[in-house]
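So this block is coords-v3.cif, mmCIF, C-alpha atoms; chains and numbers go by the auth columns:
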data_my_file
loop_
_atom_site.group_PDB
_atom_site.id
_atom_site.type_symbol
_atom_site.label_atom_id
_atom_site.label_comp_id
_atom_site.label_asym_id
_atom_site.label_seq_id
_atom_site.Cartn_x
_atom_site.Cartn_y
_atom_site.Cartn_z
_atom_site.B_iso_or_equiv
_atom_site.auth_seq_id
_atom_site.auth_asym_id
ATOM 1 C CA MET A 1 125.199 124.495 93.228 0.00 28 A
ATOM 2 C CA GLY A 2 125.012 120.776 94.071 0.00 29 A
ATOM 3 C CA LYS A 3 121.538 121.097 95.597 0.00 30 A
ATOM 4 C CA ARG A 4 120.309 123.202 92.689 0.00 31 A
ATOM 5 C CA PHE A 5 121.679 120.705 90.184 0.00 32 A
ATOM 6 C CA ARG A 6 119.955 117.810 91.938 0.00 33 A
ATOM 7 C CA THR A 7 116.656 119.706 91.922 0.00 34 A
ATOM 8 C CA VAL A 8 116.903 120.501 88.212 0.00 35 A
ATOM 9 C CA TYR A 9 118.011 116.958 87.430 0.00 36 A
ATOM 10 C CA MET A 10 115.128 115.314 89.293 0.00 37 A
ATOM 11 C CA THR A 11 112.631 117.769 87.783 0.00 38 A
ATOM 12 C CA ALA A 12 113.857 116.932 84.300 0.00 39 A
ATOM 13 C CA ILE A 13 113.529 113.197 84.976 0.00 40 A
ATOM 14 C CA LEU A 14 109.970 113.593 86.303 0.00 41 A
ATOM 15 C CA ILE A 15 108.976 115.671 83.284 0.00 42 A
ATOM 16 C CA PHE A 16 110.516 113.097 80.939 0.00 43 A
ATOM 17 C CA LEU A 17 108.627 110.271 82.662 0.00 44 A
ATOM 18 C CA TYR A 18 105.225 111.853 83.211 0.00 45 A
ATOM 19 C CA LEU A 19 104.800 114.301 80.323 0.00 46 A
ATOM 20 C CA PRO A 20 103.796 111.543 77.850 0.00 47 A
ATOM 21 C CA ILE A 21 101.231 110.284 80.378 0.00 48 A
ATOM 22 C CA LEU A 22 99.825 113.797 80.765 0.00 49 A
ATOM 23 C CA VAL A 23 99.563 114.119 76.972 0.00 50 A
ATOM 24 C CA VAL A 24 97.557 110.885 76.760 0.00 51 A
ATOM 25 C CA VAL A 25 95.178 112.143 79.453 0.00 52 A
ATOM 26 C CA LEU A 26 94.707 115.489 77.684 0.00 53 A
ATOM 27 C CA TYR A 27 94.018 113.838 74.307 0.00 54 A
ATOM 28 C CA SER A 28 91.343 111.648 75.888 0.00 55 A
ATOM 29 C CA PHE A 29 89.255 114.825 76.347 0.00 56 A
ATOM 30 C CA ASN A 30 90.093 116.294 72.938 0.00 57 A
ATOM 31 C CA PRO A 31 87.155 116.482 70.464 0.00 58 A
ATOM 32 C CA SER A 32 89.523 116.342 67.501 0.00 59 A
ATOM 33 C CA LYS A 33 90.657 113.006 66.091 0.00 60 A
ATOM 34 C CA THR A 34 93.935 114.601 65.052 0.00 61 A
ATOM 35 C CA ALA A 35 96.717 114.155 67.585 0.00 62 A
ATOM 36 C CA GLY A 36 98.528 117.314 68.562 0.00 63 A
ATOM 37 C CA VAL A 37 95.561 119.652 68.070 0.00 64 A
ATOM 38 C CA MET A 38 93.493 120.525 71.142 0.00 65 A
ATOM 39 C CA THR A 39 90.161 121.980 70.030 0.00 66 A
ATOM 40 C CA GLY A 40 88.143 121.862 73.245 0.00 67 A
ATOM 41 C CA PHE A 41 86.820 119.460 75.865 0.00 68 A
ATOM 42 C CA THR A 42 84.561 116.429 75.439 0.00 69 A
ATOM 43 C CA LEU A 43 83.597 113.161 77.113 0.00 70 A
ATOM 44 C CA SER A 44 82.420 111.561 73.874 0.00 71 A
ATOM 45 C CA TRP A 45 85.430 109.241 73.658 0.00 72 A
ATOM 46 C CA TYR A 46 84.589 107.827 77.088 0.00 73 A
ATOM 47 C CA ARG A 47 80.980 107.237 76.013 0.00 74 A
ATOM 48 C CA GLU A 48 82.211 105.528 72.858 0.00 75 A
ATOM 49 C CA LEU A 49 84.619 103.431 74.925 0.00 76 A
ATOM 50 C CA PHE A 50 81.900 102.188 77.294 0.00 77 A
ATOM 51 C CA ALA A 51 79.713 101.331 74.300 0.00 78 A
ATOM 52 C CA ASP A 52 82.454 99.218 72.668 0.00 79 A
ATOM 53 C CA GLY A 53 81.729 95.605 73.570 0.00 80 A
ATOM 54 C CA GLU A 54 84.874 94.320 71.828 0.00 81 A
ATOM 55 C CA ILE A 55 87.177 96.296 74.105 0.00 82 A
ATOM 56 C CA ALA A 56 85.247 95.103 77.152 0.00 83 A
ATOM 57 C CA ARG A 57 85.622 91.491 75.969 0.00 84 A
ATOM 58 C CA THR A 58 89.364 91.764 75.338 0.00 85 A
ATOM 59 C CA LEU A 59 89.862 93.544 78.669 0.00 86 A
ATOM 60 C CA GLY A 60 88.020 90.680 80.360 0.00 87 A
ATOM 61 C CA ASN A 61 90.307 88.186 78.607 0.00 88 A
ATOM 62 C CA SER A 62 93.392 90.101 79.748 0.00 89 A
ATOM 63 C CA LEU A 63 92.228 90.230 83.358 0.00 90 A
ATOM 64 C CA LYS A 64 91.275 86.540 83.309 0.00 91 A
ATOM 65 C CA VAL A 65 94.653 85.479 81.903 0.00 92 A
ATOM 66 C CA ALA A 66 96.565 87.747 84.299 0.00 93 A
ATOM 67 C CA CYS A 67 94.686 86.579 87.408 0.00 94 A
ATOM 68 C CA ILE A 68 94.996 82.866 86.622 0.00 95 A
ATOM 69 C CA SER A 69 98.633 83.179 85.580 0.00 96 A
ATOM 70 C CA VAL A 70 99.660 85.202 88.613 0.00 97 A
ATOM 71 C CA ALA A 71 97.843 82.878 91.036 0.00 98 A
ATOM 72 C CA ALA A 72 99.549 79.789 89.598 0.00 99 A
ATOM 73 C CA ALA A 73 102.932 81.516 89.258 0.00 100 A
ATOM 74 C CA GLY A 74 102.655 82.783 92.852 0.00 101 A
ATOM 75 C CA ILE A 75 102.301 79.252 94.191 0.00 102 A
ATOM 76 C CA ILE A 76 105.041 77.771 92.010 0.00 103 A
ATOM 77 C CA GLY A 77 107.471 80.675 92.440 0.00 104 A
ATOM 78 C CA THR A 78 107.039 80.885 96.207 0.00 105 A
ATOM 79 C CA LEU A 79 107.454 77.150 96.780 0.00 106 A
ATOM 80 C CA GLY A 80 110.443 77.065 94.441 0.00 107 A
ATOM 81 C CA ALA A 81 112.105 79.965 96.240 0.00 108 A
ATOM 82 C CA VAL A 82 111.560 78.342 99.644 0.00 109 A
ATOM 83 C CA ALA A 83 112.934 75.027 98.404 0.00 110 A
ATOM 84 C CA LEU A 84 116.120 76.526 96.966 0.00 111 A
ATOM 85 C CA ALA A 85 116.654 78.936 99.856 0.00 112 A
ATOM 86 C CA ARG A 86 116.205 76.365 102.630 0.00 113 A
ATOM 87 C CA ARG A 87 117.755 73.299 100.985 0.00 114 A
ATOM 88 C CA HIS A 88 121.357 72.879 99.883 0.00 115 A
ATOM 89 C CA LEU A 89 121.067 70.927 96.640 0.00 116 A
ATOM 90 C CA LYS A 90 123.585 69.823 94.075 0.00 117 A
ATOM 91 C CA LEU A 91 123.794 72.196 91.126 0.00 118 A
ATOM 92 C CA GLN A 92 121.802 74.736 93.145 0.00 119 A
ATOM 93 C CA GLY A 93 123.451 77.670 91.382 0.00 120 A
ATOM 94 C CA LEU A 94 122.548 76.197 87.998 0.00 121 A
ATOM 95 C CA MET A 95 118.939 75.666 89.087 0.00 122 A
ATOM 96 C CA GLU A 96 118.656 79.255 90.329 0.00 123 A
ATOM 97 C CA GLY A 97 120.081 80.538 87.054 0.00 124 A
ATOM 98 C CA LEU A 98 117.657 78.460 85.003 0.00 125 A
ATOM 99 C CA SER A 99 114.741 79.675 87.156 0.00 126 A
ATOM 100 C CA SER A 100 115.440 83.304 86.281 0.00 127 A
ATOM 101 C CA LEU A 101 116.465 82.660 82.665 0.00 128 A
ATOM 102 C CA PRO A 102 113.081 83.580 81.082 0.00 129 A
ATOM 103 C CA ILE A 103 113.584 87.182 82.217 0.00 130 A
ATOM 104 C CA MET A 104 116.871 87.444 80.311 0.00 131 A
ATOM 105 C CA ILE A 105 115.734 85.727 77.108 0.00 132 A
ATOM 106 C CA PRO A 106 114.434 88.162 74.449 0.00 133 A
ATOM 107 C CA GLU A 107 110.655 87.991 74.241 0.00 134 A
ATOM 108 C CA ILE A 108 110.673 87.168 70.538 0.00 135 A
ATOM 109 C CA VAL A 109 112.859 84.111 71.193 0.00 136 A
ATOM 110 C CA LEU A 110 110.701 83.045 74.121 0.00 137 A
ATOM 111 C CA ALA A 111 107.554 83.467 72.029 0.00 138 A
ATOM 112 C CA MET A 112 108.963 81.292 69.245 0.00 139 A
ATOM 113 C CA ALA A 113 109.959 78.663 71.816 0.00 140 A
ATOM 114 C CA PHE A 114 106.426 78.594 73.260 0.00 141 A
ATOM 115 C CA LEU A 115 104.910 78.313 69.798 0.00 142 A
ATOM 116 C CA ALA A 116 107.235 75.449 68.858 0.00 143 A
ATOM 117 C CA ALA A 117 106.561 73.617 72.135 0.00 144 A
ATOM 118 C CA PHE A 118 102.780 73.922 71.875 0.00 145 A
ATOM 119 C CA THR A 119 102.845 72.835 68.246 0.00 146 A
ATOM 120 C CA PHE A 120 105.060 69.853 69.097 0.00 147 A
ATOM 121 C CA VAL A 121 102.702 68.527 71.798 0.00 148 A
ATOM 122 C CA GLY A 122 99.647 69.228 69.646 0.00 149 A
ATOM 123 C CA LEU A 123 97.993 71.924 71.792 0.00 150 A
ATOM 124 C CA GLU A 124 95.555 74.132 69.898 0.00 151 A
ATOM 125 C CA LEU A 125 96.398 77.803 70.286 0.00 152 A
ATOM 126 C CA GLY A 126 93.878 79.571 72.473 0.00 153 A
ATOM 127 C CA MET A 127 93.189 80.510 76.063 0.00 154 A
ATOM 128 C CA LEU A 128 94.993 77.456 77.497 0.00 155 A
ATOM 129 C CA THR A 129 98.251 78.077 75.646 0.00 156 A
ATOM 130 C CA LEU A 130 98.027 81.772 76.487 0.00 157 A
ATOM 131 C CA VAL A 131 97.689 81.045 80.213 0.00 158 A
ATOM 132 C CA LEU A 132 100.486 78.455 80.181 0.00 159 A
ATOM 133 C CA ALA A 133 102.868 80.885 78.483 0.00 160 A
ATOM 134 C CA HIS A 134 102.018 83.681 80.912 0.00 161 A
ATOM 135 C CA ILE A 135 102.491 81.398 83.928 0.00 162 A
ATOM 136 C CA THR A 136 105.934 80.458 82.659 0.00 163 A
ATOM 137 C CA PHE A 137 107.264 83.985 82.240 0.00 164 A
ATOM 138 C CA CYS A 138 105.574 85.233 85.442 0.00 165 A
ATOM 139 C CA ILE A 139 107.246 82.663 87.709 0.00 166 A
ATOM 140 C CA PRO A 140 110.767 84.218 87.649 0.00 167 A
ATOM 141 C CA TYR A 141 109.533 87.624 88.871 0.00 168 A
ATOM 142 C CA ILE A 142 107.953 86.078 91.956 0.00 169 A
ATOM 143 C CA PHE A 143 110.790 83.594 92.471 0.00 170 A
ATOM 144 C CA ILE A 144 113.534 86.245 92.494 0.00 171 A
ATOM 145 C CA ILE A 145 111.723 88.641 94.834 0.00 172 A
ATOM 146 C CA VAL A 146 110.690 85.926 97.318 0.00 173 A
ATOM 147 C CA LYS A 147 114.139 84.350 97.327 0.00 174 A
ATOM 148 C CA GLY A 148 115.704 87.729 98.063 0.00 175 A
ATOM 149 C CA ARG A 149 113.344 88.145 101.006 0.00 176 A
ATOM 150 C CA LEU A 150 114.140 84.661 102.303 0.00 177 A
ATOM 151 C CA ALA A 151 117.868 85.396 102.177 0.00 178 A
ATOM 152 C CA ALA A 152 117.316 88.334 104.550 0.00 179 A
ATOM 153 C CA LEU A 153 115.240 86.375 107.088 0.00 180 A
ATOM 154 C CA ASP A 154 116.662 84.998 110.312 0.00 181 A
ATOM 155 C CA ILE A 155 116.608 81.233 109.855 0.00 182 A
ATOM 156 C CA SER A 156 116.813 80.740 113.620 0.00 183 A
ATOM 157 C CA LEU A 157 113.089 81.545 113.835 0.00 184 A
ATOM 158 C CA GLU A 158 112.252 78.508 111.746 0.00 185 A
ATOM 159 C CA GLU A 159 114.797 76.369 113.591 0.00 186 A
ATOM 160 C CA ALA A 160 113.284 77.351 116.937 0.00 187 A
ATOM 161 C CA ALA A 161 109.823 76.335 115.726 0.00 188 A
ATOM 162 C CA ARG A 162 111.143 72.945 114.602 0.00 189 A
ATOM 163 C CA ASP A 163 112.955 72.463 117.924 0.00 190 A
ATOM 164 C CA LEU A 164 109.608 73.012 119.678 0.00 191 A
ATOM 165 C CA GLY A 165 108.095 70.164 117.666 0.00 192 A
ATOM 166 C CA ALA A 166 106.354 71.992 114.828 0.00 193 A
ATOM 167 C CA PRO A 167 106.204 69.941 111.608 0.00 194 A
ATOM 168 C CA PRO A 168 107.650 71.493 108.412 0.00 195 A
ATOM 169 C CA LEU A 169 104.231 72.363 107.006 0.00 196 A
ATOM 170 C CA ARG A 170 103.239 74.275 110.136 0.00 197 A
ATOM 171 C CA VAL A 171 106.591 76.066 110.213 0.00 198 A
ATOM 172 C CA PHE A 172 105.969 77.251 106.675 0.00 199 A
ATOM 173 C CA ARG A 173 102.356 78.230 107.421 0.00 200 A
ATOM 174 C CA ASP A 174 102.944 80.046 110.737 0.00 201 A
ATOM 175 C CA ILE A 175 106.506 81.365 110.396 0.00 202 A
ATOM 176 C CA THR A 176 107.921 81.436 106.882 0.00 203 A
ATOM 177 C CA PHE A 177 104.930 82.447 104.780 0.00 204 A
ATOM 178 C CA PRO A 178 103.768 85.389 106.959 0.00 205 A
ATOM 179 C CA LEU A 179 107.307 86.784 106.862 0.00 206 A
ATOM 180 C CA VAL A 180 107.675 86.490 103.091 0.00 207 A
ATOM 181 C CA PHE A 181 104.088 87.462 102.250 0.00 208 A
ATOM 182 C CA PRO A 182 104.970 91.121 101.423 0.00 209 A
ATOM 183 C CA ALA A 183 107.558 89.830 98.929 0.00 210 A
ATOM 184 C CA VAL A 184 105.049 87.361 97.481 0.00 211 A
ATOM 185 C CA LEU A 185 102.509 90.156 97.056 0.00 212 A
ATOM 186 C CA ALA A 186 105.092 92.462 95.466 0.00 213 A
ATOM 187 C CA GLY A 187 106.168 89.747 93.045 0.00 214 A
ATOM 188 C CA MET A 188 102.582 88.927 92.128 0.00 215 A
ATOM 189 C CA LEU A 189 101.769 92.593 91.471 0.00 216 A
ATOM 190 C CA LEU A 190 104.819 92.915 89.231 0.00 217 A
ATOM 191 C CA ALA A 191 103.923 89.692 87.405 0.00 218 A
ATOM 192 C CA PHE A 192 100.318 90.919 87.013 0.00 219 A
ATOM 193 C CA ALA A 193 101.535 94.120 85.359 0.00 220 A
ATOM 194 C CA MET A 194 103.857 92.177 83.034 0.00 221 A
ATOM 195 C CA SER A 195 101.079 89.774 82.068 0.00 222 A
ATOM 196 C CA LEU A 196 98.483 92.482 81.543 0.00 223 A
ATOM 197 C CA ASP A 197 100.516 94.438 78.970 0.00 224 A
ATOM 198 C CA ASP A 198 102.309 91.594 77.180 0.00 225 A
ATOM 199 C CA VAL A 199 102.084 91.757 73.396 0.00 226 A
ATOM 200 C CA ILE A 200 104.865 89.724 71.753 0.00 227 A
ATOM 201 C CA ILE A 201 104.405 86.392 73.545 0.00 228 A
ATOM 202 C CA SER A 202 100.617 86.696 73.485 0.00 229 A
ATOM 203 C CA PHE A 203 100.687 87.372 69.731 0.00 230 A
ATOM 204 C CA PHE A 204 102.456 84.054 69.072 0.00 231 A
ATOM 205 C CA VAL A 205 100.482 81.779 71.424 0.00 232 A
ATOM 206 C CA THR A 206 96.924 83.114 71.255 0.00 233 A
ATOM 207 C CA GLY A 207 94.125 81.839 69.064 0.00 234 A
ATOM 208 C CA PRO A 208 90.605 82.792 67.942 0.00 235 A
ATOM 209 C CA GLY A 209 88.435 84.014 70.802 0.00 236 A
ATOM 210 C CA ALA A 210 91.384 84.595 73.139 0.00 237 A
ATOM 211 C CA GLN A 211 92.485 88.060 72.020 0.00 238 A
ATOM 212 C CA THR A 212 93.774 90.265 74.842 0.00 239 A
ATOM 213 C CA LEU A 213 93.506 94.030 75.205 0.00 240 A
ATOM 214 C CA PRO A 214 97.140 94.789 74.237 0.00 241 A
ATOM 215 C CA LEU A 215 96.687 92.726 71.057 0.00 242 A
ATOM 216 C CA LYS A 216 93.468 94.599 70.316 0.00 243 A
ATOM 217 C CA ILE A 217 95.261 97.937 70.657 0.00 244 A
ATOM 218 C CA TYR A 218 98.224 96.681 68.643 0.00 245 A
ATOM 219 C CA SER A 219 95.988 95.523 65.790 0.00 246 A
ATOM 220 C CA SER A 220 94.278 98.926 65.718 0.00 247 A
ATOM 221 C CA LEU A 221 97.620 100.575 64.856 0.00 248 A
ATOM 222 C CA LYS A 222 97.145 99.388 61.269 0.00 249 A
ATOM 223 C CA VAL A 223 94.252 101.811 60.818 0.00 250 A
ATOM 224 C CA GLY A 224 95.359 104.392 63.372 0.00 251 A
ATOM 225 C CA VAL A 225 94.769 104.586 67.110 0.00 252 A
ATOM 226 C CA LYS A 226 91.357 106.022 67.887 0.00 253 A
ATOM 227 C CA PRO A 227 91.042 108.647 70.662 0.00 254 A
ATOM 228 C CA LYS A 228 88.939 106.236 72.734 0.00 255 A
ATOM 229 C CA ILE A 229 92.173 104.287 73.333 0.00 256 A
ATOM 230 C CA ASN A 230 93.475 107.412 75.085 0.00 257 A
ATOM 231 C CA ALA A 231 90.349 107.330 77.235 0.00 258 A
ATOM 232 C CA LEU A 232 90.991 103.666 78.043 0.00 259 A
ATOM 233 C CA CYS A 233 94.591 104.423 79.019 0.00 260 A
ATOM 234 C CA THR A 234 93.413 107.302 81.212 0.00 261 A
ATOM 235 C CA LEU A 235 90.968 105.052 83.068 0.00 262 A
ATOM 236 C CA MET A 236 93.650 102.405 83.592 0.00 263 A
ATOM 237 C CA LEU A 237 96.035 105.049 84.897 0.00 264 A
ATOM 238 C CA GLY A 238 93.326 106.249 87.259 0.00 265 A
ATOM 239 C CA VAL A 239 92.901 102.724 88.653 0.00 266 A
ATOM 240 C CA VAL A 240 96.657 102.378 89.135 0.00 267 A
ATOM 241 C CA PHE A 241 96.944 105.725 90.910 0.00 268 A
ATOM 242 C CA LEU A 242 93.962 104.796 93.086 0.00 269 A
ATOM 243 C CA PHE A 243 95.612 101.563 94.199 0.00 270 A
ATOM 244 C CA VAL A 244 98.899 103.350 94.856 0.00 271 A
ATOM 245 C CA GLY A 245 97.127 106.046 96.857 0.00 272 A
ATOM 246 C CA VAL A 246 95.223 103.505 98.951 0.00 273 A
ATOM 247 C CA SER A 247 98.388 101.509 99.647 0.00 274 A
ATOM 248 C CA GLN A 248 100.249 104.655 100.709 0.00 275 A
ATOM 249 C CA TRP A 249 97.343 105.639 102.964 0.00 276 A
ATOM 250 C CA ILE A 250 97.324 102.198 104.596 0.00 277 A
ATOM 251 C CA ARG A 251 101.088 102.317 105.090 0.00 278 A
ATOM 252 C CA ALA A 252 100.931 105.804 106.611 0.00 279 A
ATOM 253 C CA LYS A 253 98.089 104.727 108.905 0.00 280 A
ATOM 254 C CA LYS A 254 100.084 101.762 110.180 0.00 281 A
ATOM 255 C CA THR A 255 103.106 103.915 110.966 0.00 282 A
#

As structure tokens:
Amino acid sequence: MGKRFRTVYMTAILIFLYLPILVVVLYSFNPSKTAGVMTGFTLSWYRELFADGEIARTLGNSLKVACISVAAAGIIGTLGAVALARRHLKLQGLMEGLSSLPIMIPEIVLAMAFLAAFTFVGLELGMLTLVLAHITFCIPYIFIIVKGRLAALDISLEEAARDLGAPPLRVFRDITFPLVFPAVLAGMLLAFAMSLDDVIISFFVTGPGAQTLPLKIYSSLKVGVKPKINALCTLMLGVVFLFVGVSQWIRAKKT
């Protein structure tokens, strides 16, 4: 009975998680504009999607913001995690708590804080403010994951390198960073996903010419979501599944 219950339970969870995704994929091939009515099979929504220059522009903005933000947050978060993990500082617990605070603050509050700060210093809302805001809320994801990895590492490896005369920079380059690189990559991927689909913060700090794809989709809700958005979601899901499949294949090949 226990094994049967676990099987039913896990099946129910998988259905609950993936059924909405399957529905989106099915509707992307549905000729009808009415949701819930499957009337056949068509690729017209994909053709309409590829012909929409506005979606391509907003997708480019989203990818640009995400890449720049994640690159900057990766450097800052990794260096911050190394500094706090390898140095015993006064008020270290307070500093660690403040570093992860943006994750716990509601997005609407964080968005208002960004807007107030940018207005106070006189920054015009646009691509710059959008990138700065995304860097700020991406840093904690990388910081927490890298710091957790550093806590599990054997510090004697770094001490041995220093005893052999290696300067701190070389110890970090040859010992510390290669060991924490999987955590850095995991944190950056998570931060990339959070940046790519952010709506609330982006809505408050963006300006003309810096609209992102989530904001474009959100604004279309006022007149109803067109089926080509289902096609866009299907393509994005396909890219995600492709990356996951490649990573699993690489991992299986290494083992």

What's around Glu134 in chain A at 12 Å? Count only C-alpha atoms, leave out sequence neighbours fewer than 2 positions away in its own chain, and write the answer as a tab-separated table (two decimals) with C-alpha atoms, in the coordinates of the input.
chain	number	residue	atom	x	y	z
A	128	LEU	CA	116.46	82.66	82.66
A	129	PRO	CA	113.08	83.58	81.08
A	130	ILE	CA	113.58	87.18	82.22
A	131	MET	CA	116.87	87.44	80.31
A	132	ILE	CA	115.73	85.73	77.11
A	136	VAL	CA	112.86	84.11	71.19
A	137	LEU	CA	110.70	83.04	74.12
A	138	ALA	CA	107.55	83.47	72.03
A	139	MET	CA	108.96	81.29	69.24
A	140	ALA	CA	109.96	78.66	71.82
A	141	PHE	CA	106.43	78.59	73.26
A	160	ALA	CA	102.87	80.89	78.48
A	161	HIS	CA	102.02	83.68	80.91
A	164	PHE	CA	107.26	83.98	82.24
A	221	MET	CA	103.86	92.18	83.03
A	225	ASP	CA	102.31	91.59	77.18
A	226	VAL	CA	102.08	91.76	73.40
A	227	ILE	CA	104.86	89.72	71.75
A	228	ILE	CA	104.40	86.39	73.54
A	229	SER	CA	100.62	86.70	73.48
A	230	PHE	CA	100.69	87.37	69.73
A	231	PHE	CA	102.46	84.05	69.07

Where does range 69-168 of chain A meet range 190-197 of chain A within 12 Å, residue by residue, with the nearest atom pair and distance in Å to one decimal for each, counting only C-alpha atoms, listed by chain and rising number, as a tab-separated table?
residue	atom	partner	partner_atom	distance
A:Leu106	CA	A:Leu196	CA	11.7
A:Val109	CA	A:Pro195	CA	11.8
A:Ala110	CA	A:Pro195	CA	11.9
A:Arg113	CA	A:Pro195	CA	11.4

Can you tell me how far CA of Phe204 in chain A sits from CA of Asp224 in chain A, in Å to one decimal? 28.8 Å

Name all residues at most 8 Å from Cys260 in chain A (count all atoms listed in the file; drop same-chain ones fewer than 3 positions away) and give them as a CSV table (one decimal) with C-alpha atoms, keeping the file's coordinate frame.
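As written to disk, part.csv reads:
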chain,number,residue,atom,x,y,z
A,51,VAL,CA,97.6,110.9,76.8
A,52,VAL,CA,95.2,112.1,79.5
A,256,ILE,CA,92.2,104.3,73.3
A,257,ASN,CA,93.5,107.4,75.1
A,263,MET,CA,93.6,102.4,83.6
A,264,LEU,CA,96.0,105.0,84.9

Do you have the CA of Leu49 in chain A-CA of Phe268 in chain A distance handy? 13.3 Å

Excluding Thr66 in chain A and any residue of its chain fewer than 4 positions from it, enumerate the residues within 12 Å of it, using all atoms listed in the file, and give them as a list of chain:residue names.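 Residues meeting the cut-off are A:Leu53, A:Tyr54, A:Ser55, A:Phe56, A:Asn57, A:Pro58, A:Ser59, A:Lys60, A:Thr61, A:Ala62.
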
Just to confirm, what's the straight-line distance from CA of Pro167 in chain A to CA of Gly124 in chain A in Å (one decimal)?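 That distance, rounded to one decimal, is 10.0 Å.
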
Pick the closest to Val50 in chain A from A:Ser247, A:Thr38, A:Ser222, A:Thr261: which is it, counting all atoms listed in the file? A:Thr261
